[in-house]
Amino acid sequence: MLRYLKKGSAAATKAADDAKVRETVTGILADIVARGDVAVRELAKKFDGFEAKTFRMTAQEVEECVKACSPQIISDIKFAQTQIRRFAEAQKAALKDIEIETLPGVKLGHKNVPVNNVGCYIPGGRYPMVASAHMSVLTARVAGCKRVIACTPPTKGKAHPATIAAMHLAGADEIYLLGGIQAVAAMALGTETIKPVDMLVGPGNAYVAEAKRQLYGRVGIDLFAGPTEILVIADDTADGEMCATDLLGQAEHGPTSPAVLLTTSERVARETMKEIDRQLTILQTADIAGQAWRDYGEIILCDTVDEMVAEADRIASEHVEVLTSNPRYFLEKMTNYGALFLGKETNVAYGDKVIGTNHTLPTNGASRYTGGLWVGKFMKTCTYQEVTEEASALVGEYCSRLCAIENFWGHKEQADLRVRRYGSAKAAE
């Protein structure tokens, strides 16, 4: 039986907030459709206090950002990108083109074709998300996309050197110093100076996420993203310090980020609550993490391990850390999660920044039906068929009768034409 030692309190306000975001985004997208670059410039000045003749960075400006980074920063970025590239290449190798003969003379197959044009959004602001360049630009490159562009907002009116360096080293063809709704809209819709893309990827705030949602259909997207989530699953072998550290480590993403502890140990639950209170007195991001914990933090006590599995699948969290004596039990049993972090030796920060798996993951329960961003998201699995005359006559007879059942007379005639031509050709032989 489940017992809540702490329950979130702010979820009820979410619907009203979402409605305001939708209305704002709808208006801005319509403005960009109508006025193009003029609207983009006005929005950049309004929201980022940034003015420029062109938002695209020149090769010289990019190189200056790379040179502004210390050798250690460049080395660390390259290390992370090596890990991400290695895993993405292994994932791509698992995607096989196929061709089989299902009947004599009937060849069916599929090819994995990269998306041609991809736009990557790299968030900035309080947290310059350097790692998002690896996760989006680099992964699209491994997939084989022909053109990969990237946008990131200015930081205090200037480019963030490490972010630009990461975008460049990851292989971005075009880099734009542009943020928010105006960035994703310009990439998706195109303007006088930005050629439109076929697909948008990358995390962002509620406005960026809503813009991607409204643009979906006009372009493809990676997934519908909400605030970052973490679920820590712990038994009596865990300790409060680690649980608290890992919960707050994700709660600092934003004031609406859910952080949930699921445990069979009341001792661990009580220790975690005390440790969170202590850490919030010293954590540099306590203003954000503390609000998220107060409004969206939860601690749930379960009676058994299997009850934790069932509750974890119900929650379907983006990140799931398993701090138990047998972490792989959850790998075997769980079905709903964005990414699993098995054992005390790993953590969500590794996945977010460096270890090689992608950090763009499903939120808001979407892990019930989708995984996160990976090289396969940038690939279209496209089918084809090729048929001999003899096989066409055979299949055509079946197709003709099936079309008649559905009253699709034009479809039936396509089949009948092949039967007349190729069936009679066979008979003449």
# chains A, B, ... in the order shown; residues from 1 in each chain; ligands from 1
call {"tool": "select_by_dssp", "arguments": {"residues": "region 129-205 of chain A", "states": "strand (DSSP E or B)", "output": "count of residues only"}}
result
15
call {"tool": "residues_around", "arguments": {"residues": "Gly220 (chain A)", "least_positions_apart": "2", "cutoff": "8 Å", "atoms": "only C-alpha atoms", "output": "PDB file with N, CA and C atoms, in the first residue's frame"}}
result
ATOM      1  N   ASP A 198      13.521  20.713 -41.928  1.00  0.00           N
ATOM      2  CA  ASP A 198      12.489  19.674 -41.986  1.00  0.00           C
ATOM      3  C   ASP A 198      12.140  19.131 -40.607  1.00  0.00           C
ATOM      4  N   MET A 199      13.019  19.373 -39.635  1.00  0.00           N
ATOM      5  CA  MET A 199      12.838  18.795 -38.306  1.00  0.00           C
ATOM      6  C   MET A 199      13.469  19.698 -37.260  1.00  0.00           C
ATOM      7  N   LEU A 200      12.780  19.855 -36.120  1.00  0.00           N
ATOM      8  CA  LEU A 200      13.274  20.629 -34.984  1.00  0.00           C
ATOM      9  C   LEU A 200      13.568  19.694 -33.824  1.00  0.00           C
ATOM     10  N   TYR A 216       4.576  21.422 -35.039  1.00  0.00           N
ATOM     11  CA  TYR A 216       4.606  20.007 -35.411  1.00  0.00           C
ATOM     12  C   TYR A 216       3.581  19.733 -36.510  1.00  0.00           C
ATOM     13  N   GLY A 217       4.004  19.054 -37.532  1.00  0.00           N
ATOM     14  CA  GLY A 217       3.169  18.819 -38.713  1.00  0.00           C
ATOM     15  C   GLY A 217       3.728  19.605 -39.872  1.00  0.00           C
ATOM     16  N   ARG A 218       4.018  20.863 -39.626  1.00  0.00           N
ATOM     17  CA  ARG A 218       4.743  21.646 -40.626  1.00  0.00           C
ATOM     18  C   ARG A 218       6.185  21.133 -40.710  1.00  0.00           C
ATOM     19  N   ASP A 222      11.468  16.197 -32.248  1.00  0.00           N
ATOM     20  CA  ASP A 222      11.967  15.043 -31.512  1.00  0.00           C
ATOM     21  C   ASP A 222      10.899  14.492 -30.584  1.00  0.00           C
TER      22      ASP A 222
END
call {"tool": "atom_distance", "arguments": {"atom1": "CA of Phe87 (chain A)", "atom2": "CA of Val142 (chain A)"}}
result
10.0 Å
call {"tool": "closest_residue", "arguments": {"among": "A:Ser257, A:Gln250, A:Ser75, A:Thr152", "to": "Ala206 (chain A)", "atoms": "only C-alpha atoms"}}
result
A:Ser257
call {"tool": "residues_around", "arguments": {"residues": "Cys382 (chain A)", "least_positions_apart": "4", "cutoff": "10 Å", "atoms": "only C-alpha atoms", "output": "list of chain:residue names"}}
result
A:Asp97, A:Gly109, A:His110, A:Lys111, A:Asn112, A:Val113
call {"tool": "residues_around", "arguments": {"residues": "Val322 (chain A)", "least_positions_apart": "6", "cutoff": "9 Å", "atoms": "only C-alpha atoms", "output": "list in words"}}
result
Leu231, Val232, Ile233, Ala234, Asp235, Arg328, Phe330, Leu340, Phe341, Leu342, Gly343 and Lys344 of chain A
call {"tool": "select_by_dssp", "arguments": {"residues": "region 235-403 of chain A", "states": "helix (DSSP H, G or I)", "output": "PyMOL selection string"}}
result
chain A and resi 240-251+266-279+286-296+305-315+328-333+348-353+366-368+375-378+389-403
call {"tool": "closest_residue", "arguments": {"among": "A:Leu223, A:Ile288, A:Val106, A:Leu215", "to": "Val387 (chain A)", "atoms": "only C-alpha atoms"}}
result
A:Val106
call {"tool": "residues_around", "arguments": {"residues": "Met57 (chain A)", "least_positions_apart": "3", "cutoff": "6 Å", "atoms": "only C-alpha atoms", "output": "list in words"}}
result
Glu61, Ile175 and Tyr176 of chain A
call {"tool": "closest_residue", "arguments": {"among": "A:Leu248, A:Leu5, A:Met273, A:Met135", "to": "His359 (chain A)", "atoms": "only C-alpha atoms"}}
result
A:Met135
call {"tool": "closest_residue", "arguments": {"among": "A:Glu266, A:Glu321, A:Glu63, A:Glu413", "to": "Arg3 (chain A)", "atoms": "only C-alpha atoms"}}
result
A:Glu266
call {"tool": "closest_residue", "arguments": {"among": "A:Thr324, A:Gly157, A:Gly410, A:Ala316", "to": "Tyr369 (chain A)", "atoms": "only C-alpha atoms"}}
result
A:Ala316
call {"tool": "closest_residue", "arguments": {"among": "A:Leu43, A:Val38, A:Val130, A:Ala186", "to": "Arg56 (chain A)", "atoms": "only C-alpha atoms"}}
result
A:Ala186
call {"tool": "residues_around", "arguments": {"residues": "Ile230 (chain A)", "least_positions_apart": "5", "cutoff": "12 Å", "atoms": "only C-alpha atoms", "output": "PyMOL selection string"}}
result
chain A and resi 243-253+256-262+292-293+296-299+312+315-322+337-341+347-349+361-365
call {"tool": "closest_atom_pairs", "arguments": {"of": "region 34-123 of chain A", "to": "region 171-174 of chain A", "cutoff": "10 Å", "atoms": "only C-alpha atoms", "output": "tab-separated table"}}
result
residue	atom	partner	partner_atom	distance
A:Arg56	CA	A:Glu174	CA	6.9
A:Met57	CA	A:Glu174	CA	7.6
A:Thr58	CA	A:Glu174	CA	8.8
A:Ala59	CA	A:Glu174	CA	9.3
A:Val118	CA	A:Ala172	CA	9.9
A:Gly119	CA	A:Glu174	CA	9.5
A:Cys120	CA	A:Ala172	CA	9.0
